[in-house]
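start-v6.tsv follows (TSV, C-alpha atoms):
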```
chain	number	residue	atom	x	y	z
W	1	MET	CA	3.94	-6.66	12.84
W	2	ASN	CA	1.90	-4.63	15.33
W	3	ASP	CA	1.61	-1.83	12.78
W	4	GLU	CA	0.47	-4.25	10.08
W	5	ARG	CA	-2.14	-5.73	12.40
W	6	THR	CA	-3.41	-2.28	13.40
W	7	ILE	CA	-3.69	-1.22	9.74
W	8	ARG	CA	-5.47	-4.46	8.82
W	9	GLU	CA	-8.01	-3.86	11.59
W	10	LEU	CA	-8.41	-0.23	10.49
W	11	ILE	CA	-9.18	-1.20	6.87
W	12	GLU	CA	-11.44	-4.12	7.82
W	13	GLY	CA	-13.27	-1.76	10.23
W	14	TRP	CA	-13.67	0.81	7.45
W	15	ALA	CA	-15.18	-1.83	5.12
W	16	ALA	CA	-17.55	-2.94	7.91
W	17	ALA	CA	-18.63	0.70	8.37
W	18	VAL	CA	-19.32	0.90	4.61
W	19	ARG	CA	-21.55	-2.19	4.90
W	20	ARG	CA	-23.44	-0.57	7.81
W	21	GLN	CA	-23.67	2.69	5.81
W	22	ASP	CA	-22.13	4.28	8.92
W	23	LEU	CA	-20.61	7.53	7.64
W	24	ASP	CA	-19.01	8.45	11.00
W	25	GLY	CA	-17.37	5.03	11.09
W	26	ILE	CA	-16.13	5.40	7.49
W	27	LEU	CA	-14.58	8.80	8.26
W	28	ALA	CA	-13.26	8.00	11.75
W	29	ARG	CA	-9.62	7.36	10.74
W	30	HIS	CA	-9.32	9.67	7.72
W	31	ALA	CA	-7.13	12.78	7.36
W	32	ALA	CA	-8.57	16.26	6.80
W	33	ASP	CA	-6.44	16.55	3.64
W	34	ILE	CA	-7.17	13.12	2.15
W	35	VAL	CA	-6.55	12.73	-1.60
W	36	MET	CA	-9.11	10.38	-3.17
W	37	PHE	CA	-9.09	8.85	-6.66
W	38	ASP	CA	-12.66	7.47	-6.84
W	39	VAL	CA	-14.37	5.25	-9.44
W	40	PRO	CA	-16.75	7.96	-10.76
W	41	PRO	CA	-15.57	11.46	-11.77
W	42	PRO	CA	-14.07	13.85	-10.85
W	43	VAL	CA	-10.45	12.86	-11.49
W	44	VAL	CA	-9.47	13.74	-7.91
W	45	LEU	CA	-11.29	14.58	-4.67
W	46	ARG	CA	-9.32	16.63	-2.13
W	47	GLY	CA	-10.24	16.96	1.54
W	48	ILE	CA	-12.51	15.20	3.99
W	49	ASP	CA	-15.63	17.17	2.97
W	50	ALA	CA	-15.36	16.01	-0.66
W	51	TYR	CA	-14.60	12.48	0.60
W	52	ARG	CA	-17.69	12.51	2.86
W	53	GLU	CA	-19.94	13.71	0.02
W	54	SER	CA	-18.69	10.98	-2.30
W	55	TRP	CA	-20.44	8.36	-0.15
W	56	GLY	CA	-23.95	9.76	-0.77
W	57	PRO	CA	-24.36	8.34	-4.29
W	58	PHE	CA	-22.76	5.06	-3.14
W	59	PHE	CA	-25.25	4.65	-0.28
W	60	GLU	CA	-28.13	5.34	-2.68
W	61	ALA	CA	-26.92	2.55	-4.96
W	62	PHE	CA	-26.28	0.32	-1.92
W	63	SER	CA	-29.60	0.96	-0.16
W	64	GLY	CA	-31.34	-2.02	-1.77
W	65	GLY	CA	-28.64	-4.33	-0.40
W	66	GLY	CA	-25.18	-5.13	-1.68
W	67	THR	CA	-21.76	-6.57	-1.05
W	68	PHE	CA	-18.57	-4.80	0.10
W	69	GLU	CA	-16.12	-7.51	1.12
W	70	ILE	CA	-12.34	-7.42	1.10
W	71	ALA	CA	-11.16	-10.51	-0.80
W	72	ASP	CA	-7.44	-9.83	-0.49
W	73	LEU	CA	-5.44	-7.35	1.60
W	74	GLU	CA	-1.65	-6.86	1.53
W	75	ILE	CA	0.08	-4.29	3.76
W	76	THR	CA	3.54	-2.75	3.42
W	77	SER	CA	4.43	-0.77	6.53
W	78	SER	CA	7.23	1.06	8.28
W	79	ASP	CA	6.66	2.55	11.73
W	80	SER	CA	5.32	5.83	10.25
W	81	VAL	CA	4.24	5.38	6.58
W	82	ALA	CA	2.33	2.47	5.03
W	83	PHE	CA	0.30	1.49	2.03
W	84	ALA	CA	-2.15	-1.35	1.46
W	85	THR	CA	-3.54	-3.03	-1.64
W	86	ALA	CA	-6.80	-4.94	-1.76
W	87	LEU	CA	-9.31	-6.48	-4.10
W	88	LEU	CA	-12.92	-5.96	-3.07
W	89	HIS	CA	-16.09	-7.78	-3.98
W	90	CYS	CA	-18.33	-4.73	-4.41
W	91	VAL	CA	-21.90	-5.12	-5.65
W	92	THR	CA	-24.55	-2.39	-5.59
W	93	GLY	CA	-27.83	-1.87	-7.43
W	94	LEU	CA	-25.81	-0.13	-10.17
W	95	THR	CA	-23.18	-2.86	-10.59
W	96	ASP	CA	-22.58	-4.21	-14.06
W	97	PRO	CA	-23.12	-7.99	-13.61
W	98	ALA	CA	-19.81	-8.52	-15.45
W	99	LYS	CA	-18.10	-6.82	-12.48
W	100	SER	CA	-19.65	-8.99	-9.80
W	101	GLY	CA	-16.43	-10.76	-8.73
W	102	PRO	CA	-13.71	-9.22	-6.53
W	103	GLN	CA	-12.83	-6.69	-9.23
W	104	LEU	CA	-12.67	-3.40	-7.33
W	105	ARG	CA	-9.01	-2.51	-6.83
W	106	LEU	CA	-8.18	-0.46	-3.75
W	107	THR	CA	-4.90	1.18	-2.75
W	108	VAL	CA	-4.76	2.94	0.64
W	109	GLY	CA	-1.96	5.26	1.83
W	110	LEU	CA	-1.49	5.84	5.56
W	111	ARG	CA	0.62	7.90	7.97
W	112	LYS	CA	1.07	7.56	11.69
W	113	MET	CA	0.17	10.82	13.46
W	114	ASN	CA	0.34	11.13	17.27
W	115	ASP	CA	0.79	7.36	17.52
W	116	SER	CA	-2.35	6.62	15.47
W	117	TRP	CA	-2.58	5.45	11.87
W	118	ILE	CA	-4.72	7.62	9.59
W	119	VAL	CA	-5.73	7.26	5.95
W	120	VAL	CA	-4.35	10.06	3.75
W	121	HIS	CA	-5.01	8.51	0.33
W	122	GLU	CA	-7.49	6.11	-1.33
W	123	HIS	CA	-7.49	4.98	-4.95
W	124	HIS	CA	-10.51	2.91	-6.11
W	125	SER	CA	-10.88	1.57	-9.65
W	126	PHE	CA	-12.23	-1.16	-11.88
W	127	PRO	CA	-10.31	-2.31	-14.95
W	128	GLN	CA	-11.69	-0.65	-18.08
K	1	MET	CA	13.75	15.12	2.33
K	2	ASN	CA	16.52	13.15	0.60
K	3	ASP	CA	14.22	10.16	0.33
K	4	GLU	CA	11.48	12.30	-1.19
K	5	ARG	CA	13.90	13.77	-3.72
K	6	THR	CA	15.21	10.32	-4.65
K	7	ILE	CA	11.68	8.98	-5.14
K	8	ARG	CA	10.68	12.02	-7.21
K	9	GLU	CA	13.68	11.44	-9.50
K	10	LEU	CA	12.85	7.72	-9.72
K	11	ILE	CA	9.26	8.38	-10.82
K	12	GLU	CA	10.18	11.21	-13.21
K	13	GLY	CA	12.87	8.91	-14.67
K	14	TRP	CA	10.32	6.12	-15.10
K	15	ALA	CA	7.96	8.48	-16.98
K	16	ALA	CA	10.85	9.63	-19.19
K	17	ALA	CA	11.62	5.96	-19.97
K	18	VAL	CA	7.96	5.45	-20.93
K	19	ARG	CA	8.21	8.38	-23.34
K	20	ARG	CA	11.37	6.86	-24.89
K	21	GLN	CA	9.60	3.45	-25.04
K	22	ASP	CA	12.68	2.20	-23.15
K	23	LEU	CA	11.50	-1.01	-21.50
K	24	ASP	CA	14.78	-1.59	-19.59
K	25	GLY	CA	14.51	1.94	-18.19
K	26	ILE	CA	10.87	1.39	-17.20
K	27	LEU	CA	11.73	-1.84	-15.36
K	28	ALA	CA	15.03	-0.71	-13.84
K	29	ARG	CA	13.69	0.10	-10.35
K	30	HIS	CA	10.82	-2.39	-10.11
K	31	ALA	CA	10.51	-5.36	-7.74
K	32	ALA	CA	10.31	-8.97	-8.96
K	33	ASP	CA	7.01	-9.34	-7.05
K	34	ILE	CA	5.35	-6.06	-8.14
K	35	VAL	CA	1.54	-5.91	-7.83
K	36	MET	CA	0.02	-3.85	-10.66
K	37	PHE	CA	-3.55	-2.57	-11.02
K	38	ASP	CA	-3.52	-1.46	-14.69
K	39	VAL	CA	-6.11	0.44	-16.74
K	40	PRO	CA	-7.06	-2.50	-19.01
K	41	PRO	CA	-7.92	-5.96	-17.65
K	42	PRO	CA	-6.98	-8.19	-15.93
K	43	VAL	CA	-7.97	-7.01	-12.44
K	44	VAL	CA	-4.44	-7.56	-11.13
K	45	LEU	CA	-1.02	-8.30	-12.64
K	46	ARG	CA	1.49	-10.02	-10.34
K	47	GLY	CA	5.24	-10.14	-10.96
K	48	ILE	CA	7.74	-8.39	-13.17
K	49	ASP	CA	7.11	-10.62	-16.20
K	50	ALA	CA	3.41	-9.69	-16.29
K	51	TYR	CA	4.35	-6.04	-15.69
K	52	ARG	CA	6.86	-6.12	-18.59
K	53	GLU	CA	4.29	-7.67	-20.96
K	54	SER	CA	1.69	-5.02	-20.09
K	55	TRP	CA	3.81	-2.38	-21.85
K	56	GLY	CA	3.56	-4.06	-25.29
K	57	PRO	CA	0.00	-2.92	-26.07
K	58	PHE	CA	0.79	0.53	-24.63
K	59	PHE	CA	3.81	0.97	-26.91
K	60	GLU	CA	1.70	-0.07	-29.92
K	61	ALA	CA	-0.85	2.62	-29.09
K	62	PHE	CA	1.97	5.10	-28.36
K	63	SER	CA	4.02	4.36	-31.50
K	64	GLY	CA	2.36	7.09	-33.58
K	65	GLY	CA	3.36	9.69	-30.97
K	66	GLY	CA	1.77	10.59	-27.66
K	67	THR	CA	2.02	12.32	-24.31
K	68	PHE	CA	3.02	10.84	-20.93
K	69	GLU	CA	3.66	13.79	-18.61
K	70	ILE	CA	3.34	13.94	-14.83
K	71	ALA	CA	1.18	16.96	-14.04
K	72	ASP	CA	1.22	16.56	-10.27
K	73	LEU	CA	3.30	14.38	-7.93
K	74	GLU	CA	2.96	14.14	-4.14
K	75	ILE	CA	5.21	11.86	-2.07
K	76	THR	CA	4.70	10.51	1.46
K	77	SER	CA	7.84	8.84	2.74
K	78	SER	CA	9.49	7.34	5.79
K	79	ASP	CA	13.07	6.05	5.56
K	80	SER	CA	11.91	2.60	4.36
K	81	VAL	CA	8.33	2.72	2.99
K	82	ALA	CA	6.75	5.37	0.77
K	83	PHE	CA	3.85	6.00	-1.55
K	84	ALA	CA	3.30	8.61	-4.24
K	85	THR	CA	0.21	9.97	-5.98
K	86	ALA	CA	0.22	11.65	-9.37
K	87	LEU	CA	-2.00	12.84	-12.16
K	88	LEU	CA	-0.67	12.16	-15.64
K	89	HIS	CA	-1.43	13.69	-18.97
K	90	CYS	CA	-1.48	10.47	-21.03
K	91	VAL	CA	-2.45	10.54	-24.69
K	92	THR	CA	-2.00	7.67	-27.14
K	93	GLY	CA	-3.54	6.78	-30.50
K	94	LEU	CA	-6.29	4.99	-28.56
K	95	THR	CA	-7.11	7.86	-26.17
K	96	ASP	CA	-10.70	8.99	-25.92
K	97	PRO	CA	-10.48	12.74	-26.70
K	98	ALA	CA	-12.60	13.36	-23.59
K	99	LYS	CA	-9.67	12.00	-21.55
K	100	SER	CA	-7.02	14.26	-23.07
K	101	GLY	CA	-6.33	16.30	-19.88
K	102	PRO	CA	-4.25	15.10	-16.90
K	103	GLN	CA	-6.83	12.45	-16.05
K	104	LEU	CA	-4.75	9.33	-15.52
K	105	ARG	CA	-4.48	8.72	-11.78
K	106	LEU	CA	-1.35	6.95	-10.57
K	107	THR	CA	-0.50	5.61	-7.11
K	108	VAL	CA	2.96	4.11	-6.59
K	109	GLY	CA	4.08	2.08	-3.55
K	110	LEU	CA	7.79	1.79	-2.76
K	111	ARG	CA	10.16	0.05	-0.33
K	112	LYS	CA	13.78	0.70	0.38
K	113	MET	CA	15.85	-2.49	-0.14
K	114	ASN	CA	19.65	-2.54	0.31
K	115	ASP	CA	19.61	1.27	0.52
K	116	SER	CA	17.76	1.66	-2.82
K	117	TRP	CA	14.12	2.56	-3.39
K	118	ILE	CA	12.18	0.08	-5.53
K	119	VAL	CA	8.61	0.12	-6.84
K	120	VAL	CA	6.52	-2.73	-5.42
K	121	HIS	CA	3.04	-1.48	-6.47
K	122	GLU	CA	1.45	0.62	-9.22
K	123	HIS	CA	-2.23	1.51	-9.58
K	124	HIS	CA	-3.29	3.27	-12.81
K	125	SER	CA	-6.87	4.33	-13.56
K	126	PHE	CA	-9.16	6.79	-15.26
K	127	PRO	CA	-12.44	7.86	-13.65
K	128	GLN	CA	-15.34	5.88	-15.16
```
Could you quickly redo this structure as structure tokens?
Amino acid sequence: MNDERTIRELIEGWAAAVRRQDLDGILARHAADIVMFDVPPPVVLRGIDAYRESWGPFFEAFSGGGTFEIADLEITSSDSVAFATALLHCVTGLTDPAKSGPQLRLTVGLRKMNDSWIVVHEHHSFPQ
Amino acid sequence: MNDERTIRELIEGWAAAVRRQDLDGILARHAADIVMFDVPPPVVLRGIDAYRESWGPFFEAFSGGGTFEIADLEITSSDSVAFATALLHCVTGLTDPAKSGPQLRLTVGLRKMNDSWIVVHEHHSFPQ
């Protein structure tokens, strides 16, 4: 249960950093070789530099105010590998009003390295 | 490494069952309480009955022939929890020709129960 609680705090802290548009906070617990399936193209982003750059367009859309709230978070964890699923209420200046509910689906994959949990995978999508 | 090999065979076997339109084969290693983020709405499907029903429209689109090939599969596993990421080359009668490459992103979450790996989460999406 300690691992689940730690992972919950990690993901809630990441979402809070997104709301603050705090890039260092967003990246703080992410692996150098993260594999990201983001909402916009490309199909896959590999590595922390590509992950970092993906937040630029999001912050632009978010700069006029928005919402990024986890509505639901479920964690499946061993003592070394875990994944989490969540629905997020994500609204930016670019959001289609039809997508204004908690419709952003998030899957996060994590590993424990040197006794700390880190994010090695994120998959973000809306239904199409 | 045995766990990784077992999970690789499970996921390759699942994709082969999709190609055969073999619903029993698709469902054979899935949990009763699976959480599915599918390409079409709704936002989330919960439970094996909803998961089973989601394949009906896919098979209709696939009935004239199609492609469902894993182009890339990476597995992160402990001895009890694992997740996998993959890109799939998925083509059906409804596929936008612009999406004809390996553009379907798949994340799978698994648990080991009674010494067998089972799928408890799937997240399928295209970039938007």
What's the 8 Å shell around segment 17-28 of chain W, counting all atoms listed in the file, without same-chain residues fewer than 6 positions away, as a list in words?
Ile48, Arg52, Trp55, Phe59, Thr67 and Phe68 of chain W
For the point (-7.2, 7.9, -23.9) in the file's frame, write as an mmCIF file with C-alpha atoms, in the coordinates of the input all residues with an atom no more than 12 Å away, counting only C-alpha atoms.
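Contents of the output file part.cif:
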```cif
data_model
loop_
_atom_site.group_PDB
_atom_site.id
_atom_site.type_symbol
_atom_site.label_atom_id
_atom_site.label_comp_id
_atom_site.auth_asym_id
_atom_site.auth_seq_id
_atom_site.Cartn_x
_atom_site.Cartn_y
_atom_site.Cartn_z
ATOM 1 C CA GLN W 128 -11.690 -0.650 -18.080
ATOM 2 C CA VAL K 39 -6.110 0.440 -16.740
ATOM 3 C CA PRO K 40 -7.060 -2.500 -19.010
ATOM 4 C CA PHE K 58 0.790 0.530 -24.630
ATOM 5 C CA ALA K 61 -0.850 2.620 -29.090
ATOM 6 C CA PHE K 62 1.970 5.100 -28.360
ATOM 7 C CA GLY K 66 1.770 10.590 -27.660
ATOM 8 C CA THR K 67 2.020 12.320 -24.310
ATOM 9 C CA PHE K 68 3.020 10.840 -20.930
ATOM 10 C CA LEU K 88 -0.670 12.160 -15.640
ATOM 11 C CA HIS K 89 -1.430 13.690 -18.970
ATOM 12 C CA CYS K 90 -1.480 10.470 -21.030
ATOM 13 C CA VAL K 91 -2.450 10.540 -24.690
ATOM 14 C CA THR K 92 -2.000 7.670 -27.140
ATOM 15 C CA GLY K 93 -3.540 6.780 -30.500
ATOM 16 C CA LEU K 94 -6.290 4.990 -28.560
ATOM 17 C CA THR K 95 -7.110 7.860 -26.170
ATOM 18 C CA ASP K 96 -10.700 8.990 -25.920
ATOM 19 C CA PRO K 97 -10.480 12.740 -26.700
ATOM 20 C CA ALA K 98 -12.600 13.360 -23.590
ATOM 21 C CA LYS K 99 -9.670 12.000 -21.550
ATOM 22 C CA SER K 100 -7.020 14.260 -23.070
ATOM 23 C CA GLY K 101 -6.330 16.300 -19.880
ATOM 24 C CA PRO K 102 -4.250 15.100 -16.900
ATOM 25 C CA GLN K 103 -6.830 12.450 -16.050
ATOM 26 C CA LEU K 104 -4.750 9.330 -15.520
ATOM 27 C CA SER K 125 -6.870 4.330 -13.560
ATOM 28 C CA PHE K 126 -9.160 6.790 -15.260
ATOM 29 C CA PRO K 127 -12.440 7.860 -13.650
#
```
Enumerate as a PyMOL selection string the residues belonging to chain K that approach chain W to within 9 Å, with only C-alpha atoms taken into account.
chain K and resi 35+37-44+76-85+87+102-107+109-111+121+123-128
Could you check how far atom CA of Ile118 of chain W sits from atom CA of Leu10 of chain W, in Å to one decimal?
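Separating atom CA of Ile118 of chain W from atom CA of Leu10 of chain W is a distance of 8.7 Å.
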How many Å lie between atom CA of Arg46 of chain W and atom CA of Ile70 of chain W, rounded to one decimal?
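The value is 24.5 Å.
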How many Å lie between atom CA of Arg29 of chain W and atom CA of Ala86 of chain W, rounded to one decimal?
17.8 Å
Which polymer residues, whether protein, DNA or RNA, lie within 10 Å of the coordinate (-1.1, 3.4, 17.0) when you count all atoms listed in the file? List them as a PDB file with C-alpha atoms, in the frame of the given file, using the chain letters and numbers from the file.
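The new file result29.pdb reads:
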```
ATOM      1  CA  ASN W   2       1.900  -4.630  15.330  1.00  0.00           C
ATOM      2  CA  ASP W   3       1.610  -1.830  12.780  1.00  0.00           C
ATOM      3  CA  THR W   6      -3.410  -2.280  13.400  1.00  0.00           C
ATOM      4  CA  ILE W   7      -3.690  -1.220   9.740  1.00  0.00           C
ATOM      5  CA  ASP W  79       6.660   2.550  11.730  1.00  0.00           C
ATOM      6  CA  SER W  80       5.320   5.830  10.250  1.00  0.00           C
ATOM      7  CA  LYS W 112       1.070   7.560  11.690  1.00  0.00           C
ATOM      8  CA  MET W 113       0.170  10.820  13.460  1.00  0.00           C
ATOM      9  CA  ASN W 114       0.340  11.130  17.270  1.00  0.00           C
ATOM     10  CA  ASP W 115       0.790   7.360  17.520  1.00  0.00           C
ATOM     11  CA  SER W 116      -2.350   6.620  15.470  1.00  0.00           C
ATOM     12  CA  TRP W 117      -2.580   5.450  11.870  1.00  0.00           C
ATOM     13  CA  ILE W 118      -4.720   7.620   9.590  1.00  0.00           C
TER      14      ILE W 118
END
```
Could you pull segment 17-90 of chain K out of the structure I just pasted and write it to a file containing C-alpha atoms, as a PDB file, in the first residue's frame?
```pdb
ATOM      1  CA  ALA K  17      -6.825 -14.055 -32.416  1.00  0.00           C
ATOM      2  CA  VAL K  18      -7.930 -10.595 -33.588  1.00  0.00           C
ATOM      3  CA  ARG K  19      -6.765 -11.449 -37.111  1.00  0.00           C
ATOM      4  CA  ARG K  20      -8.745 -14.727 -36.992  1.00  0.00           C
ATOM      5  CA  GLN K  21     -11.763 -12.805 -35.593  1.00  0.00           C
ATOM      6  CA  ASP K  22     -11.662 -15.422 -32.820  1.00  0.00           C
ATOM      7  CA  LEU K  23     -13.516 -13.776 -29.939  1.00  0.00           C
ATOM      8  CA  ASP K  24     -12.829 -16.625 -27.468  1.00  0.00           C
ATOM      9  CA  GLY K  25      -9.117 -16.333 -28.261  1.00  0.00           C
ATOM     10  CA  ILE K  26      -9.196 -12.549 -27.808  1.00  0.00           C
ATOM     11  CA  LEU K  27     -10.882 -12.879 -24.399  1.00  0.00           C
ATOM     12  CA  ALA K  28      -8.960 -15.923 -23.163  1.00  0.00           C
ATOM     13  CA  ARG K  29      -6.452 -14.050 -20.971  1.00  0.00           C
ATOM     14  CA  HIS K  30      -8.539 -11.029 -19.944  1.00  0.00           C
ATOM     15  CA  ALA K  31      -9.761 -10.129 -16.453  1.00  0.00           C
ATOM     16  CA  ALA K  32     -13.463  -9.921 -15.541  1.00  0.00           C
ATOM     17  CA  ASP K  33     -12.881  -6.321 -14.374  1.00  0.00           C
ATOM     18  CA  ILE K  34     -10.793  -5.086 -17.336  1.00  0.00           C
ATOM     19  CA  VAL K  35     -10.658  -1.298 -17.841  1.00  0.00           C
ATOM     20  CA  MET K  36     -10.525  -0.423 -21.564  1.00  0.00           C
ATOM     21  CA  PHE K  37      -9.799   2.939 -23.190  1.00  0.00           C
ATOM     22  CA  ASP K  38     -10.846   2.204 -26.797  1.00  0.00           C
ATOM     23  CA  VAL K  39     -10.472   4.271 -29.984  1.00  0.00           C
ATOM     24  CA  PRO K  40     -14.209   4.995 -30.432  1.00  0.00           C
ATOM     25  CA  PRO K  41     -16.417   6.292 -27.606  1.00  0.00           C
ATOM     26  CA  PRO K  42     -17.315   5.803 -24.815  1.00  0.00           C
ATOM     27  CA  VAL K  43     -14.480   7.311 -22.761  1.00  0.00           C
ATOM     28  CA  VAL K  44     -14.081   4.103 -20.752  1.00  0.00           C
ATOM     29  CA  LEU K  45     -15.375   0.529 -20.979  1.00  0.00           C
ATOM     30  CA  ARG K  46     -15.463  -1.434 -17.703  1.00  0.00           C
ATOM     31  CA  GLY K  47     -15.748  -5.212 -17.475  1.00  0.00           C
ATOM     32  CA  ILE K  48     -15.358  -8.168 -19.785  1.00  0.00           C
ATOM     33  CA  ASP K  49     -18.902  -7.937 -21.188  1.00  0.00           C
ATOM     34  CA  ALA K  50     -18.329  -4.373 -22.428  1.00  0.00           C
ATOM     35  CA  TYR K  51     -14.903  -5.420 -23.737  1.00  0.00           C
ATOM     36  CA  ARG K  52     -16.425  -8.386 -25.629  1.00  0.00           C
ATOM     37  CA  GLU K  53     -19.119  -6.180 -27.201  1.00  0.00           C
ATOM     38  CA  SER K  54     -16.537  -3.637 -28.380  1.00  0.00           C
ATOM     39  CA  TRP K  55     -15.180  -6.195 -30.880  1.00  0.00           C
ATOM     40  CA  GLY K  56     -18.467  -6.445 -32.844  1.00  0.00           C
ATOM     41  CA  PRO K  57     -18.077  -3.153 -34.744  1.00  0.00           C
ATOM     42  CA  PHE K  58     -14.369  -3.890 -35.272  1.00  0.00           C
ATOM     43  CA  PHE K  59     -15.104  -7.286 -36.842  1.00  0.00           C
ATOM     44  CA  GLU K  60     -17.698  -5.670 -39.136  1.00  0.00           C
ATOM     45  CA  ALA K  61     -15.101  -3.184 -40.365  1.00  0.00           C
ATOM     46  CA  PHE K  62     -12.503  -5.982 -40.599  1.00  0.00           C
ATOM     47  CA  SER K  63     -14.735  -8.505 -42.414  1.00  0.00           C
ATOM     48  CA  GLY K  64     -13.634  -7.407 -45.894  1.00  0.00           C
ATOM     49  CA  GLY K  65     -10.000  -8.090 -44.963  1.00  0.00           C
ATOM     50  CA  GLY K  66      -7.517  -6.011 -43.018  1.00  0.00           C
ATOM     51  CA  THR K  67      -4.241  -5.777 -41.153  1.00  0.00           C
ATOM     52  CA  PHE K  68      -3.617  -6.081 -37.392  1.00  0.00           C
ATOM     53  CA  GLU K  69       0.149  -6.486 -36.951  1.00  0.00           C
ATOM     54  CA  ILE K  70       2.302  -5.521 -33.989  1.00  0.00           C
ATOM     55  CA  ALA K  71       5.171  -3.453 -35.350  1.00  0.00           C
ATOM     56  CA  ASP K  72       6.882  -2.811 -32.022  1.00  0.00           C
ATOM     57  CA  LEU K  73       6.401  -4.310 -28.550  1.00  0.00           C
ATOM     58  CA  GLU K  74       8.240  -3.299 -25.363  1.00  0.00           C
ATOM     59  CA  ILE K  75       7.544  -5.004 -22.030  1.00  0.00           C
ATOM     60  CA  THR K  76       8.302  -3.804 -18.487  1.00  0.00           C
ATOM     61  CA  SER K  77       7.722  -6.567 -15.971  1.00  0.00           C
ATOM     62  CA  SER K  78       8.179  -7.562 -12.357  1.00  0.00           C
ATOM     63  CA  ASP K  79       7.131 -11.036 -11.201  1.00  0.00           C
ATOM     64  CA  SER K  80       3.530  -9.891 -10.534  1.00  0.00           C
ATOM     65  CA  VAL K  81       2.737  -6.620 -12.375  1.00  0.00           C
ATOM     66  CA  ALA K  82       3.693  -5.623 -15.919  1.00  0.00           C
ATOM     67  CA  PHE K  83       2.843  -3.213 -18.690  1.00  0.00           C
ATOM     68  CA  ALA K  84       3.559  -3.303 -22.407  1.00  0.00           C
ATOM     69  CA  THR K  85       3.624  -0.661 -25.120  1.00  0.00           C
ATOM     70  CA  ALA K  86       3.201  -1.366 -28.813  1.00  0.00           C
ATOM     71  CA  LEU K  87       2.594   0.258 -32.154  1.00  0.00           C
ATOM     72  CA  LEU K  88       0.201  -1.616 -34.408  1.00  0.00           C
ATOM     73  CA  HIS K  89      -0.347  -1.541 -38.116  1.00  0.00           C
ATOM     74  CA  CYS K  90      -4.167  -1.647 -38.082  1.00  0.00           C
TER      75      CYS K  90
END
```
